[in-house]
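Peer 1: This one is coords-v1.cif, mmCIF, C-alpha atoms and all ligand atoms.
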```cif
data_upload
loop_
_atom_site.group_PDB
_atom_site.id
_atom_site.type_symbol
_atom_site.label_atom_id
_atom_site.label_comp_id
_atom_site.auth_asym_id
_atom_site.auth_seq_id
_atom_site.Cartn_x
_atom_site.Cartn_y
_atom_site.Cartn_z
ATOM 1 C CA LYS A 7 90.612 108.188 135.835
ATOM 2 C CA GLU A 8 87.520 110.209 134.929
ATOM 3 C CA ILE A 9 86.481 113.819 134.475
ATOM 4 C CA LYS A 10 83.095 115.421 134.975
ATOM 5 C CA VAL A 11 82.599 118.416 132.710
ATOM 6 C CA PHE A 12 80.014 121.197 132.403
ATOM 7 C CA CYS A 13 79.231 121.884 128.746
ATOM 8 C CA PRO A 14 77.708 125.336 128.272
ATOM 9 C CA ALA A 15 74.909 126.242 125.915
ATOM 10 C CA THR A 16 75.823 128.910 123.368
ATOM 11 C CA ILE A 17 74.118 131.557 121.266
ATOM 12 C CA ALA A 18 75.494 131.533 117.738
ATOM 13 C CA ASN A 19 75.335 134.330 115.163
ATOM 14 C CA ILE A 20 74.367 137.094 117.681
ATOM 15 C CA SER A 21 72.191 138.653 114.954
ATOM 16 C CA CYS A 22 74.777 140.103 112.564
ATOM 17 C CA GLY A 23 77.513 137.441 112.672
ATOM 18 C CA PHE A 24 76.119 134.397 110.883
ATOM 19 C CA ASP A 25 78.549 131.477 111.352
ATOM 20 C CA VAL A 26 81.223 133.728 112.906
ATOM 21 C CA LEU A 27 79.996 135.168 116.238
ATOM 22 C CA GLY A 28 78.930 133.249 119.326
ATOM 23 C CA VAL A 29 78.726 133.508 123.101
ATOM 24 C CA ALA A 30 78.698 130.959 125.930
ATOM 25 C CA LEU A 31 75.915 130.845 128.538
ATOM 26 C CA ASP A 32 77.416 129.961 131.899
ATOM 27 C CA SER A 33 74.158 129.028 133.595
ATOM 28 C CA VAL A 34 72.704 126.656 130.999
ATOM 29 C CA GLY A 35 74.424 123.464 129.927
ATOM 30 C CA ASP A 36 74.865 119.695 129.974
ATOM 31 C CA GLU A 37 77.049 117.493 132.096
ATOM 32 C CA MET A 38 79.307 114.747 130.843
ATOM 33 C CA VAL A 39 81.551 112.198 132.485
ATOM 34 C CA ILE A 40 84.486 110.989 130.406
ATOM 35 C CA ARG A 41 86.744 108.129 131.392
ATOM 36 C CA LYS A 42 89.777 106.467 129.869
ATOM 37 C CA THR A 43 89.507 102.843 128.743
ATOM 38 C CA SER A 44 92.244 100.456 127.734
ATOM 39 C CA GLU A 45 90.398 99.381 124.595
ATOM 40 C CA ASN A 46 90.731 101.738 121.641
ATOM 41 C CA GLY A 47 87.737 103.717 120.341
ATOM 42 C CA ILE A 48 84.835 105.650 121.875
ATOM 43 C CA ARG A 49 81.796 104.216 123.598
ATOM 44 C CA ILE A 50 78.745 106.165 124.735
ATOM 45 C CA THR A 51 77.700 104.238 127.831
ATOM 46 C CA ARG A 52 74.913 106.494 129.084
ATOM 47 C CA LEU A 53 72.733 109.192 127.555
ATOM 48 C CA GLU A 54 70.049 110.792 129.687
ATOM 49 C CA GLY A 55 67.710 113.723 129.168
ATOM 50 C CA GLN A 56 67.233 113.540 125.411
ATOM 51 C CA ASN A 57 66.406 110.880 122.889
ATOM 52 C CA LEU A 58 69.615 110.869 120.844
ATOM 53 C CA PRO A 59 71.631 108.099 119.182
ATOM 54 C CA MET A 60 74.206 106.307 121.321
ATOM 55 C CA GLU A 61 76.140 104.689 118.463
ATOM 56 C CA THR A 62 79.549 106.349 118.329
ATOM 57 C CA LEU A 63 79.314 107.279 114.650
ATOM 58 C CA GLN A 64 75.805 108.705 115.056
ATOM 59 C CA ASN A 65 76.576 110.729 118.147
ATOM 60 C CA VAL A 66 78.262 114.156 117.918
ATOM 61 C CA ALA A 67 80.403 113.513 121.009
ATOM 62 C CA GLY A 68 81.434 110.159 119.572
ATOM 63 C CA VAL A 69 82.423 111.634 116.227
ATOM 64 C CA ALA A 70 84.298 114.557 117.806
ATOM 65 C CA GLY A 71 86.090 112.113 120.117
ATOM 66 C CA LEU A 72 87.096 109.926 117.179
ATOM 67 C CA ALA A 73 88.590 112.983 115.445
ATOM 68 C CA LEU A 74 90.696 113.627 118.549
ATOM 69 C CA LEU A 75 91.741 109.968 118.794
ATOM 70 C CA ALA A 76 92.777 109.934 115.138
ATOM 71 C CA ALA A 77 95.110 112.868 115.757
ATOM 72 C CA SER A 78 96.522 111.403 118.967
ATOM 73 C CA ASP A 79 99.150 108.720 119.601
ATOM 74 C CA TYR A 80 97.145 107.448 122.594
ATOM 75 C CA SER A 81 96.428 103.752 122.074
ATOM 76 C CA GLY A 82 93.482 103.468 124.504
ATOM 77 C CA GLY A 83 89.994 104.888 124.228
ATOM 78 C CA PHE A 84 87.229 106.682 126.145
ATOM 79 C CA GLU A 85 83.820 106.024 127.652
ATOM 80 C CA ILE A 86 81.307 108.866 127.624
ATOM 81 C CA GLU A 87 78.274 109.513 129.814
ATOM 82 C CA ILE A 88 76.052 112.358 128.646
ATOM 83 C CA TYR A 89 73.461 114.086 130.824
ATOM 84 C CA LYS A 90 71.586 116.424 128.504
ATOM 85 C CA LYS A 91 69.878 119.486 129.898
ATOM 86 C CA ILE A 92 69.924 121.348 126.600
ATOM 87 C CA LYS A 93 67.151 120.248 124.262
ATOM 88 C CA ALA A 94 68.235 119.098 120.818
ATOM 89 C CA GLY A 95 66.956 121.451 118.119
ATOM 90 C CA SER A 96 66.443 124.354 120.518
ATOM 91 C CA GLY A 97 69.003 126.690 118.914
ATOM 92 C CA ILE A 98 71.356 127.053 121.852
ATOM 93 C CA GLY A 99 74.118 124.764 120.718
ATOM 94 C CA SER A 100 73.034 121.360 122.010
ATOM 95 C CA SER A 101 75.315 119.461 119.639
ATOM 96 C CA ALA A 102 78.212 121.853 120.240
ATOM 97 C CA ALA A 103 77.954 121.351 124.006
ATOM 98 C CA SER A 104 78.339 117.581 123.630
ATOM 99 C CA SER A 105 81.119 117.713 121.015
ATOM 100 C CA THR A 106 83.072 120.313 122.928
ATOM 101 C CA GLY A 107 82.638 118.740 126.354
ATOM 102 C CA ALA A 108 83.892 115.409 125.011
ATOM 103 C CA VAL A 109 87.073 116.688 123.386
ATOM 104 C CA TRP A 110 87.888 119.122 126.198
ATOM 105 C CA ALA A 111 87.696 116.369 128.826
ATOM 106 C CA MET A 112 89.621 113.876 126.677
ATOM 107 C CA ASN A 113 92.396 116.406 126.198
ATOM 108 C CA GLU A 114 92.567 116.950 129.969
ATOM 109 C CA LEU A 115 92.733 113.193 130.585
ATOM 110 C CA LEU A 116 95.598 112.911 128.102
ATOM 111 C CA GLY A 117 97.580 115.722 129.758
ATOM 112 C CA ASN A 118 96.576 118.496 127.324
ATOM 113 C CA PRO A 119 98.430 117.521 124.150
ATOM 114 C CA PHE A 120 96.090 119.626 121.983
ATOM 115 C CA SER A 121 95.578 123.392 121.742
ATOM 116 C CA LYS A 122 92.129 124.968 122.088
ATOM 117 C CA LEU A 123 92.139 125.653 118.374
ATOM 118 C CA GLU A 124 92.753 121.972 117.636
ATOM 119 C CA LEU A 125 89.952 121.026 120.040
ATOM 120 C CA VAL A 126 87.606 123.367 118.175
ATOM 121 C CA GLN A 127 88.512 121.563 114.962
ATOM 122 C CA PHE A 128 87.722 118.147 116.473
ATOM 123 C CA ALA A 129 84.430 119.442 117.890
ATOM 124 C CA MET A 130 83.520 120.858 114.470
ATOM 125 C CA GLU A 131 83.296 117.261 113.220
ATOM 126 C CA GLY A 132 80.390 116.841 115.621
ATOM 127 C CA GLU A 133 78.754 119.921 114.098
ATOM 128 C CA ARG A 134 79.218 118.470 110.635
ATOM 129 C CA LEU A 135 77.281 115.378 111.753
ATOM 130 C CA ALA A 136 74.536 117.455 113.376
ATOM 131 C CA SER A 137 73.909 120.018 110.657
ATOM 132 C CA GLY A 138 75.838 118.982 107.578
ATOM 133 C CA VAL A 139 78.169 121.962 107.968
ATOM 134 C CA SER A 140 81.173 122.144 110.280
ATOM 135 C CA HIS A 141 80.486 125.653 111.564
ATOM 136 C CA ALA A 142 82.479 126.798 114.608
ATOM 137 C CA ASP A 143 80.328 129.587 116.011
ATOM 138 C CA ASN A 144 78.892 127.376 118.797
ATOM 139 C CA VAL A 145 81.889 125.174 119.554
ATOM 140 C CA ALA A 146 84.349 128.094 119.758
ATOM 141 C CA PRO A 147 82.526 129.958 122.560
ATOM 142 C CA ALA A 148 81.696 126.652 124.307
ATOM 143 C CA LEU A 149 85.437 125.995 124.487
ATOM 144 C CA PHE A 150 86.844 129.480 125.025
ATOM 145 C CA GLY A 151 83.970 130.925 127.094
ATOM 146 C CA GLY A 152 82.514 134.425 126.596
ATOM 147 C CA PHE A 153 82.211 135.843 123.083
ATOM 148 C CA THR A 154 84.276 134.544 120.201
ATOM 149 C CA LEU A 155 84.718 135.609 116.595
ATOM 150 C CA VAL A 156 85.610 133.071 113.939
ATOM 151 C CA ARG A 157 87.795 135.498 111.984
ATOM 152 C CA GLY A 158 88.373 132.866 109.318
ATOM 153 C CA TYR A 159 87.696 129.204 108.573
ATOM 154 C CA GLU A 160 90.623 128.481 106.239
ATOM 155 C CA PRO A 161 92.759 128.390 108.194
ATOM 156 C CA LEU A 162 90.645 128.390 111.345
ATOM 157 C CA ASP A 163 91.275 131.606 113.269
ATOM 158 C CA ILE A 164 89.360 132.213 116.529
ATOM 159 C CA VAL A 165 89.431 135.522 118.356
ATOM 160 C CA PRO A 166 88.142 135.609 121.972
ATOM 161 C CA ILE A 167 86.309 138.883 122.631
ATOM 162 C CA PRO A 168 85.885 140.488 126.055
ATOM 163 C CA SER A 169 82.530 141.912 127.090
ATOM 164 C CA PRO A 170 81.188 144.529 129.491
ATOM 165 C CA SER A 171 80.645 143.327 133.049
ATOM 166 C CA GLU A 172 76.902 144.001 133.194
ATOM 167 C CA LEU A 173 75.934 142.219 129.998
ATOM 168 C CA PHE A 174 73.199 139.581 130.420
ATOM 169 C CA ALA A 175 71.529 137.284 127.915
ATOM 170 C CA THR A 176 67.874 136.284 128.067
ATOM 171 C CA VAL A 177 66.914 133.249 126.013
ATOM 172 C CA ILE A 178 63.379 132.029 125.418
ATOM 173 C CA HIS A 179 62.835 128.628 123.874
ATOM 174 C CA PRO A 180 59.372 128.124 122.386
ATOM 175 C CA GLN A 181 58.759 124.384 122.475
ATOM 176 C CA ILE A 182 58.890 123.675 118.784
ATOM 177 C CA GLU A 183 61.840 121.981 117.134
ATOM 178 C CA VAL A 184 63.723 123.541 114.234
ATOM 179 C CA LYS A 185 66.522 121.430 112.769
ATOM 180 C CA THR A 186 69.652 123.411 111.915
ATOM 181 C CA SER A 187 69.985 121.448 108.687
ATOM 182 C CA ASP A 188 66.447 122.539 107.663
ATOM 183 C CA SER A 189 66.867 126.152 108.673
ATOM 184 C CA ARG A 190 70.107 126.336 106.679
ATOM 185 C CA LYS A 191 68.462 124.945 103.545
ATOM 186 C CA ILE A 192 66.053 127.870 103.266
ATOM 187 C CA LEU A 193 68.822 130.483 103.267
ATOM 188 C CA LYS A 194 69.877 132.213 100.071
ATOM 189 C CA THR A 195 73.467 131.572 99.027
ATOM 190 C CA LYS A 196 73.951 135.090 97.600
ATOM 191 C CA ILE A 197 73.577 138.485 99.255
ATOM 192 C CA THR A 198 73.498 141.938 97.737
ATOM 193 C CA LEU A 199 76.386 144.342 98.179
ATOM 194 C CA ALA A 200 73.991 146.788 99.867
ATOM 195 C CA ASP A 201 73.055 144.178 102.502
ATOM 196 C CA GLY A 202 76.700 143.168 102.901
ATOM 197 C CA ILE A 203 77.695 146.740 103.659
ATOM 198 C CA LYS A 204 75.050 147.069 106.373
ATOM 199 C CA GLN A 205 75.851 143.664 107.823
ATOM 200 C CA TRP A 206 79.637 144.007 108.149
ATOM 201 C CA GLY A 207 79.168 147.484 109.539
ATOM 202 C CA ASN A 208 77.182 145.868 112.336
ATOM 203 C CA VAL A 209 79.679 143.059 112.909
ATOM 204 C CA GLY A 210 82.437 145.638 113.318
ATOM 205 C CA GLY A 211 80.187 147.761 115.522
ATOM 206 C CA LEU A 212 79.263 144.862 117.775
ATOM 207 C CA VAL A 213 82.870 143.776 118.251
ATOM 208 C CA ALA A 214 83.941 147.372 118.911
ATOM 209 C CA GLY A 215 81.088 147.830 121.391
ATOM 210 C CA LEU A 216 82.056 144.672 123.288
ATOM 211 C CA PHE A 217 85.690 145.784 123.509
ATOM 212 C CA THR A 218 84.885 149.321 124.632
ATOM 213 C CA ASN A 219 81.943 148.532 126.966
ATOM 214 C CA ASP A 220 79.694 150.676 124.802
ATOM 215 C CA TYR A 221 76.207 149.268 125.449
ATOM 216 C CA ASP A 222 74.501 151.626 122.998
ATOM 217 C CA LEU A 223 76.842 150.625 120.218
ATOM 218 C CA ILE A 224 76.229 146.948 121.031
ATOM 219 C CA GLY A 225 72.491 147.596 120.821
ATOM 220 C CA ARG A 226 72.685 149.503 117.514
ATOM 221 C CA SER A 227 74.757 146.694 116.022
ATOM 222 C CA LEU A 228 72.417 143.817 116.943
ATOM 223 C CA VAL A 229 70.701 143.859 113.548
ATOM 224 C CA ASP A 230 70.624 141.098 110.937
ATOM 225 C CA TYR A 231 69.662 142.019 107.364
ATOM 226 C CA ILE A 232 70.475 138.667 105.821
ATOM 227 C CA VAL A 233 69.388 135.603 107.801
ATOM 228 C CA GLU A 234 66.736 136.756 110.279
ATOM 229 C CA PRO A 235 64.229 137.991 107.663
ATOM 230 C CA ILE A 236 64.188 134.483 106.148
ATOM 231 C CA ARG A 237 64.470 132.289 109.234
ATOM 232 C CA SER A 238 62.103 134.214 111.441
ATOM 233 C CA ILE A 239 59.255 132.836 109.326
ATOM 234 C CA LEU A 240 59.891 129.438 110.997
ATOM 235 C CA ILE A 241 59.390 130.895 114.484
ATOM 236 C CA PRO A 242 55.798 131.699 115.484
ATOM 237 C CA GLY A 243 55.567 134.965 117.404
ATOM 238 C CA PHE A 244 59.113 136.064 116.549
ATOM 239 C CA ASP A 245 58.271 139.652 115.566
ATOM 240 C CA GLU A 246 56.055 140.157 118.628
ATOM 241 C CA VAL A 247 58.698 138.736 120.972
ATOM 242 C CA LYS A 248 61.334 140.997 119.482
ATOM 243 C CA ILE A 249 59.173 144.096 119.820
ATOM 244 C CA ALA A 250 58.282 143.161 123.408
ATOM 245 C CA ALA A 251 61.944 142.599 124.323
ATOM 246 C CA ILE A 252 63.042 145.941 122.918
ATOM 247 C CA GLU A 253 60.114 147.734 124.596
ATOM 248 C CA ALA A 254 61.131 146.127 127.914
ATOM 249 C CA GLY A 255 64.570 147.659 127.501
ATOM 250 C CA ALA A 256 66.727 145.033 125.755
ATOM 251 C CA LEU A 257 69.729 146.339 123.841
ATOM 252 C CA GLY A 258 68.787 144.042 120.986
ATOM 253 C CA CYS A 259 67.025 140.791 120.182
ATOM 254 C CA GLY A 260 67.338 138.126 117.510
ATOM 255 C CA ILE A 261 67.260 134.428 116.661
ATOM 256 C CA SER A 262 69.601 132.269 118.737
ATOM 257 C CA GLY A 263 71.629 130.190 116.285
ATOM 258 C CA SER A 264 69.265 128.526 113.862
ATOM 259 C CA GLY A 265 66.264 128.953 116.205
ATOM 260 C CA PRO A 266 63.620 128.523 117.437
ATOM 261 C CA SER A 267 65.150 130.061 120.599
ATOM 262 C CA ILE A 268 65.183 133.839 120.649
ATOM 263 C CA PHE A 269 67.829 135.773 122.573
ATOM 264 C CA ALA A 270 68.077 139.310 123.874
ATOM 265 C CA LEU A 271 71.050 141.116 125.382
ATOM 266 C CA SER A 272 70.480 143.597 128.212
ATOM 267 C CA LYS A 273 72.460 145.792 130.539
ATOM 268 C CA GLY A 274 71.980 144.463 134.069
ATOM 269 C CA GLU A 275 70.230 141.409 135.464
ATOM 270 C CA GLU A 276 67.065 143.235 136.440
ATOM 271 C CA LYS A 277 66.540 144.390 132.858
ATOM 272 C CA ALA A 278 67.297 140.896 131.538
ATOM 273 C CA VAL A 279 64.642 139.385 133.825
ATOM 274 C CA LYS A 280 62.107 142.054 132.796
ATOM 275 C CA VAL A 281 62.861 141.301 129.142
ATOM 276 C CA GLY A 282 62.298 137.589 129.855
ATOM 277 C CA ASN A 283 58.902 138.352 131.388
ATOM 278 C CA ALA A 284 57.902 140.418 128.360
ATOM 279 C CA MET A 285 58.931 137.621 125.992
ATOM 280 C CA ARG A 286 57.139 135.040 128.133
ATOM 281 C CA GLU A 287 53.878 136.977 127.914
ATOM 282 C CA ILE A 288 53.864 136.724 124.124
ATOM 283 C CA TYR A 289 54.072 132.922 124.143
ATOM 284 C CA GLN A 290 51.511 132.729 126.925
ATOM 285 C CA ASN A 291 49.113 134.674 124.705
ATOM 286 C CA ILE A 292 49.867 132.580 121.633
ATOM 287 C CA GLY A 293 49.556 129.375 123.667
ATOM 288 C CA ILE A 294 52.999 127.891 123.005
ATOM 289 C CA ASP A 295 54.996 126.383 125.914
ATOM 290 C CA TYR A 296 58.410 127.859 126.551
ATOM 291 C CA ASP A 297 61.502 127.927 128.790
ATOM 292 C CA VAL A 298 63.242 131.158 129.741
ATOM 293 C CA HIS A 299 66.816 131.517 130.979
ATOM 294 C CA VAL A 300 68.775 134.549 132.073
ATOM 295 C CA SER A 301 72.533 134.190 132.014
ATOM 296 C CA LYS A 302 75.374 136.553 132.872
ATOM 297 C CA ILE A 303 77.964 136.789 130.124
ATOM 298 C CA ASN A 304 81.464 136.145 131.410
HETATM 299 N N1 LIG B 1 75.576 129.533 112.545
HETATM 300 C C1 LIG B 1 74.771 128.360 112.641
HETATM 301 C C2 LIG B 1 73.477 128.610 111.912
HETATM 302 C C3 LIG B 1 74.489 128.079 114.074
HETATM 303 O O1 LIG B 1 72.906 129.668 112.134
HETATM 304 O O2 LIG B 1 73.047 127.773 111.140
HETATM 305 C C4 LIG B 1 73.621 126.878 114.317
HETATM 306 O O3 LIG B 1 73.455 126.708 115.695
#
```
Turn the structure described in the file into structure tokens.
Ligand code: HSE

Peer 2:
Amino acid sequence: KEIKVFCPATIANISCGFDVLGVALDSVGDEMVIRKTSENGIRITRLEGQNLPMETLQNVAGVAGLALLAASDYSGGFEIEIYKKIKAGSGIGSSAASSTGAVWAMNELLGNPFSKLELVQFAMEGERLASGVSHADNVAPALFGGFTLVRGYEPLDIVPIPSPSELFATVIHPQIEVKTSDSRKILKTKITLADGIKQWGNVGGLVAGLFTNDYDLIGRSLVDYIVEPIRSILIPGFDEVKIAAIEAGALGCGISGSGPSIFALSKGEEKAVKVGNAMREIYQNIGIDYDVHVSKIN
């Protein structure tokens, strides 16, 4: 028996919510095929699209799968085929897509013994391998869909958040690679109370705006005082792209996860496409190759 699964890309942080907010992109993602085997353990039998390790312990899907197996009384194992469409190091949750897709499909094949929350915890082991930190802000939306809030890590508490029907995400990926582990190392470990006050005001505002379909409130809340000022230095053209996106009518714009991808949220598809064109122009002028995606938020 086998399952083919679509593993969505995700935008983590959404400006103000470092390590706690994320959203799934329904039109960008990988495919995986997972199949049961009688022998115990996990084997990656195929990996196309990206140059990534196939050894179980070096592969995020392998490690996430092993975490599930360890918690299960199933005596067999799984084979995994991975067809990557998401580029590693692009900032739209490449590792989370693989970890999540693996454990979701395995759970289905076993008759759903595990809850979504448990699956998030298994997938977080993949994130630990990829970035050194088992953050859940990509794996949670990849599993739940839409927006999610990691209300707490100890114990893990995930809150799915609804969103207005005309909300679209535009993501531009300048073709440079930024490793999450590197872009975490440059962050400060302390923040000032003044920055904290502004930041949690925005987190509350963004969540409230998503619940009440208040696009203006969503836009006002898409501000990051803590991480973006530091990380944006790693992304050539970031300030120009952000200005161009806002001028083209985006509600807000920021770094997608740990970068280098930049995301914008807009009301309506037409606006989201226009925002993508404005962002594109900046990288054309700078001379950096890029990919642009527009995705409806569901
Ligand atoms: N919250 C994580 C970070 C997401 O920003 O480092 C990484 O994709």

Peer 1: So that I can check the surroundings of range 215-218 of chain A, please list as a list of chain:residue names every protein, DNA and RNA residue that reaches within 10 Å of it, counting only C-alpha atoms and ignoring chain neighbours fewer than 3 positions away.

Peer 2: A:Phe153, A:Ile167, A:Pro168, A:Ser169, A:Pro170, A:Ser171, A:Leu173, A:Val209, A:Gly210, A:Gly211, A:Leu212, A:Tyr221, A:Asp222, A:Leu223, A:Ile224, A:Gly225, A:Arg226, A:Ser227

Peer 1: Using all atoms listed in the file, can you list as a list in words the residues within 6 Å of (94.2, 104.4, 124.1)?

Peer 2: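 Checked against the point, the hits come out as Ser44, Asn46, Tyr80, Ser81, Gly82 and Gly83 of chain A.
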
Peer 1: List as JSON lines every residue of chain A that is in contact with ligand LIG 1 (chain B), defined as an atom at most 8 Å from one of its atoms (using only C-alpha atoms and all ligand atoms), together with the nearest atom pair and the distance in Å rounded to one decimal, sorted by chain and then rising number.

Peer 2:
```
{"residue": "A:Ile17", "atom": "CA", "partner": "B:LIG1", "partner_atom": "O3", "distance": 7.4}
{"residue": "A:Ala18", "atom": "CA", "partner": "B:LIG1", "partner_atom": "C3", "distance": 5.1}
{"residue": "A:Asn19", "atom": "CA", "partner": "B:LIG1", "partner_atom": "N1", "distance": 5.5}
{"residue": "A:Phe24", "atom": "CA", "partner": "B:LIG1", "partner_atom": "N1", "distance": 5.2}
{"residue": "A:Asp25", "atom": "CA", "partner": "B:LIG1", "partner_atom": "N1", "distance": 3.7}
{"residue": "A:Val26", "atom": "CA", "partner": "B:LIG1", "partner_atom": "N1", "distance": 7.0}
{"residue": "A:Gly97", "atom": "CA", "partner": "B:LIG1", "partner_atom": "O3", "distance": 5.5}
{"residue": "A:Ile98", "atom": "CA", "partner": "B:LIG1", "partner_atom": "O3", "distance": 6.5}
{"residue": "A:Gly99", "atom": "CA", "partner": "B:LIG1", "partner_atom": "O3", "distance": 5.4}
{"residue": "A:Ser137", "atom": "CA", "partner": "B:LIG1", "partner_atom": "C4", "distance": 7.8}
{"residue": "A:His141", "atom": "CA", "partner": "B:LIG1", "partner_atom": "N1", "distance": 6.3}
{"residue": "A:Ala142", "atom": "CA", "partner": "B:LIG1", "partner_atom": "N1", "distance": 7.7}
{"residue": "A:Asp143", "atom": "CA", "partner": "B:LIG1", "partner_atom": "N1", "distance": 5.9}
{"residue": "A:Asn144", "atom": "CA", "partner": "B:LIG1", "partner_atom": "O3", "distance": 6.3}
{"residue": "A:Thr186", "atom": "CA", "partner": "B:LIG1", "partner_atom": "O2", "distance": 5.6}
{"residue": "A:Ser187", "atom": "CA", "partner": "B:LIG1", "partner_atom": "O2", "distance": 7.4}
{"residue": "A:Ser189", "atom": "CA", "partner": "B:LIG1", "partner_atom": "O2", "distance": 6.8}
{"residue": "A:Arg190", "atom": "CA", "partner": "B:LIG1", "partner_atom": "O2", "distance": 5.5}
{"residue": "A:Ser262", "atom": "CA", "partner": "B:LIG1", "partner_atom": "O3", "distance": 7.4}
{"residue": "A:Gly263", "atom": "CA", "partner": "B:LIG1", "partner_atom": "O3", "distance": 4.0}
{"residue": "A:Ser264", "atom": "CA", "partner": "B:LIG1", "partner_atom": "O1", "distance": 4.2}
{"residue": "A:Gly265", "atom": "CA", "partner": "B:LIG1", "partner_atom": "O3", "distance": 7.6}
```

Peer 1: Which neighbours of Ile40 in chain A fall inside 9 Å, counting only C-alpha atoms, when residues of the same chain fewer than 2 positions from it are skipped, and could you give them as a ChimeraX atom specification?

Peer 2: /A:7-11,38,42,84-88,107-108,111-112,115

Peer 1: Would you put the residues from that selection into a file with C-alpha atoms, as a PDB file, keeping the file's coordinate frame?

Peer 2:
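Output contents, as saved in again.pdb:
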```
ATOM      1  CA  LYS A   7      90.612 108.188 135.835  1.00  0.00           C
ATOM      2  CA  GLU A   8      87.520 110.209 134.929  1.00  0.00           C
ATOM      3  CA  ILE A   9      86.481 113.819 134.475  1.00  0.00           C
ATOM      4  CA  LYS A  10      83.095 115.421 134.975  1.00  0.00           C
ATOM      5  CA  VAL A  11      82.599 118.416 132.710  1.00  0.00           C
ATOM      6  CA  MET A  38      79.307 114.747 130.843  1.00  0.00           C
ATOM      7  CA  LYS A  42      89.777 106.467 129.869  1.00  0.00           C
ATOM      8  CA  PHE A  84      87.229 106.682 126.145  1.00  0.00           C
ATOM      9  CA  GLU A  85      83.820 106.024 127.652  1.00  0.00           C
ATOM     10  CA  ILE A  86      81.307 108.866 127.624  1.00  0.00           C
ATOM     11  CA  GLU A  87      78.274 109.513 129.814  1.00  0.00           C
ATOM     12  CA  ILE A  88      76.052 112.358 128.646  1.00  0.00           C
ATOM     13  CA  GLY A 107      82.638 118.740 126.354  1.00  0.00           C
ATOM     14  CA  ALA A 108      83.892 115.409 125.011  1.00  0.00           C
ATOM     15  CA  ALA A 111      87.696 116.369 128.826  1.00  0.00           C
ATOM     16  CA  MET A 112      89.621 113.876 126.677  1.00  0.00           C
ATOM     17  CA  LEU A 115      92.733 113.193 130.585  1.00  0.00           C
TER      18      LEU A 115
END
```

Peer 1: How close does each residue of range 166-269 of chain A get to range 277-293 of chain A, giving the shortest atom pair and distance in Å to one decimal for every residue with an atom at most 9 Å away, counting only C-alpha atoms, sorted by chain and residue number, as JSON lines?

Peer 2:
```
{"residue": "A:Leu173", "atom": "CA", "partner": "A:Ala278", "partner_atom": "CA", "distance": 8.9}
{"residue": "A:Phe174", "atom": "CA", "partner": "A:Ala278", "partner_atom": "CA", "distance": 6.1}
{"residue": "A:Ala175", "atom": "CA", "partner": "A:Ala278", "partner_atom": "CA", "distance": 6.6}
{"residue": "A:Thr176", "atom": "CA", "partner": "A:Ala278", "partner_atom": "CA", "distance": 5.8}
{"residue": "A:Val177", "atom": "CA", "partner": "A:Gly282", "partner_atom": "CA", "distance": 7.4}
{"residue": "A:Ile178", "atom": "CA", "partner": "A:Met285", "partner_atom": "CA", "distance": 7.2}
{"residue": "A:Pro180", "atom": "CA", "partner": "A:Tyr289", "partner_atom": "CA", "distance": 7.4}
{"residue": "A:Pro242", "atom": "CA", "partner": "A:Ile292", "partner_atom": "CA", "distance": 8.6}
{"residue": "A:Gly243", "atom": "CA", "partner": "A:Ile288", "partner_atom": "CA", "distance": 7.2}
{"residue": "A:Glu246", "atom": "CA", "partner": "A:Ile288", "partner_atom": "CA", "distance": 6.8}
{"residue": "A:Val247", "atom": "CA", "partner": "A:Met285", "partner_atom": "CA", "distance": 5.1}
{"residue": "A:Lys248", "atom": "CA", "partner": "A:Met285", "partner_atom": "CA", "distance": 7.7}
{"residue": "A:Ile249", "atom": "CA", "partner": "A:Met285", "partner_atom": "CA", "distance": 8.9}
{"residue": "A:Ala250", "atom": "CA", "partner": "A:Ala284", "partner_atom": "CA", "distance": 5.7}
{"residue": "A:Ala251", "atom": "CA", "partner": "A:Val281", "partner_atom": "CA", "distance": 5.1}
{"residue": "A:Ile252", "atom": "CA", "partner": "A:Val281", "partner_atom": "CA", "distance": 7.8}
{"residue": "A:Glu253", "atom": "CA", "partner": "A:Val281", "partner_atom": "CA", "distance": 8.3}
{"residue": "A:Ala254", "atom": "CA", "partner": "A:Val281", "partner_atom": "CA", "distance": 5.3}
{"residue": "A:Gly255", "atom": "CA", "partner": "A:Lys277", "partner_atom": "CA", "distance": 6.6}
{"residue": "A:Ala256", "atom": "CA", "partner": "A:Val281", "partner_atom": "CA", "distance": 6.4}
```

Peer 1: Expressed in Å to a single decimal, how great is the separation between CA of Leu53 in chain A and CA of Glu133 in chain A?

Peer 2: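 Going from CA of Leu53 in chain A over to CA of Glu133 in chain A covers 18.2 Å.
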
Peer 1: Using 9 Å as the limit and counting only C-alpha atoms, can you tabulate each residue of range 92-127 of chain A that touches range 60-79 of chain A, with its shortest atom-to-atom distance in Å and the two atoms involved, as a Markdown table?

Peer 2:
```
| residue | atom | partner | partner_atom | distance |
| --- | --- | --- | --- | --- |
| A:Ser101 | CA | A:Val66 | CA | 6.3 |
| A:Ala102 | CA | A:Val66 | CA | 8.0 |
| A:Ala103 | CA | A:Ala67 | CA | 8.7 |
| A:Ser104 | CA | A:Ala67 | CA | 5.3 |
| A:Ser105 | CA | A:Ala67 | CA | 4.3 |
| A:Thr106 | CA | A:Ala67 | CA | 7.6 |
| A:Gly107 | CA | A:Ala67 | CA | 7.8 |
| A:Ala108 | CA | A:Ala67 | CA | 5.6 |
| A:Val109 | CA | A:Gly71 | CA | 5.7 |
| A:Met112 | CA | A:Gly71 | CA | 7.7 |
| A:Asn113 | CA | A:Leu74 | CA | 8.3 |
| A:Pro119 | CA | A:Ser78 | CA | 8.2 |
| A:Phe120 | CA | A:Leu74 | CA | 8.8 |
| A:Glu124 | CA | A:Leu74 | CA | 8.6 |
| A:Leu125 | CA | A:Leu74 | CA | 7.6 |
| A:Gln127 | CA | A:Ala73 | CA | 8.6 |
```
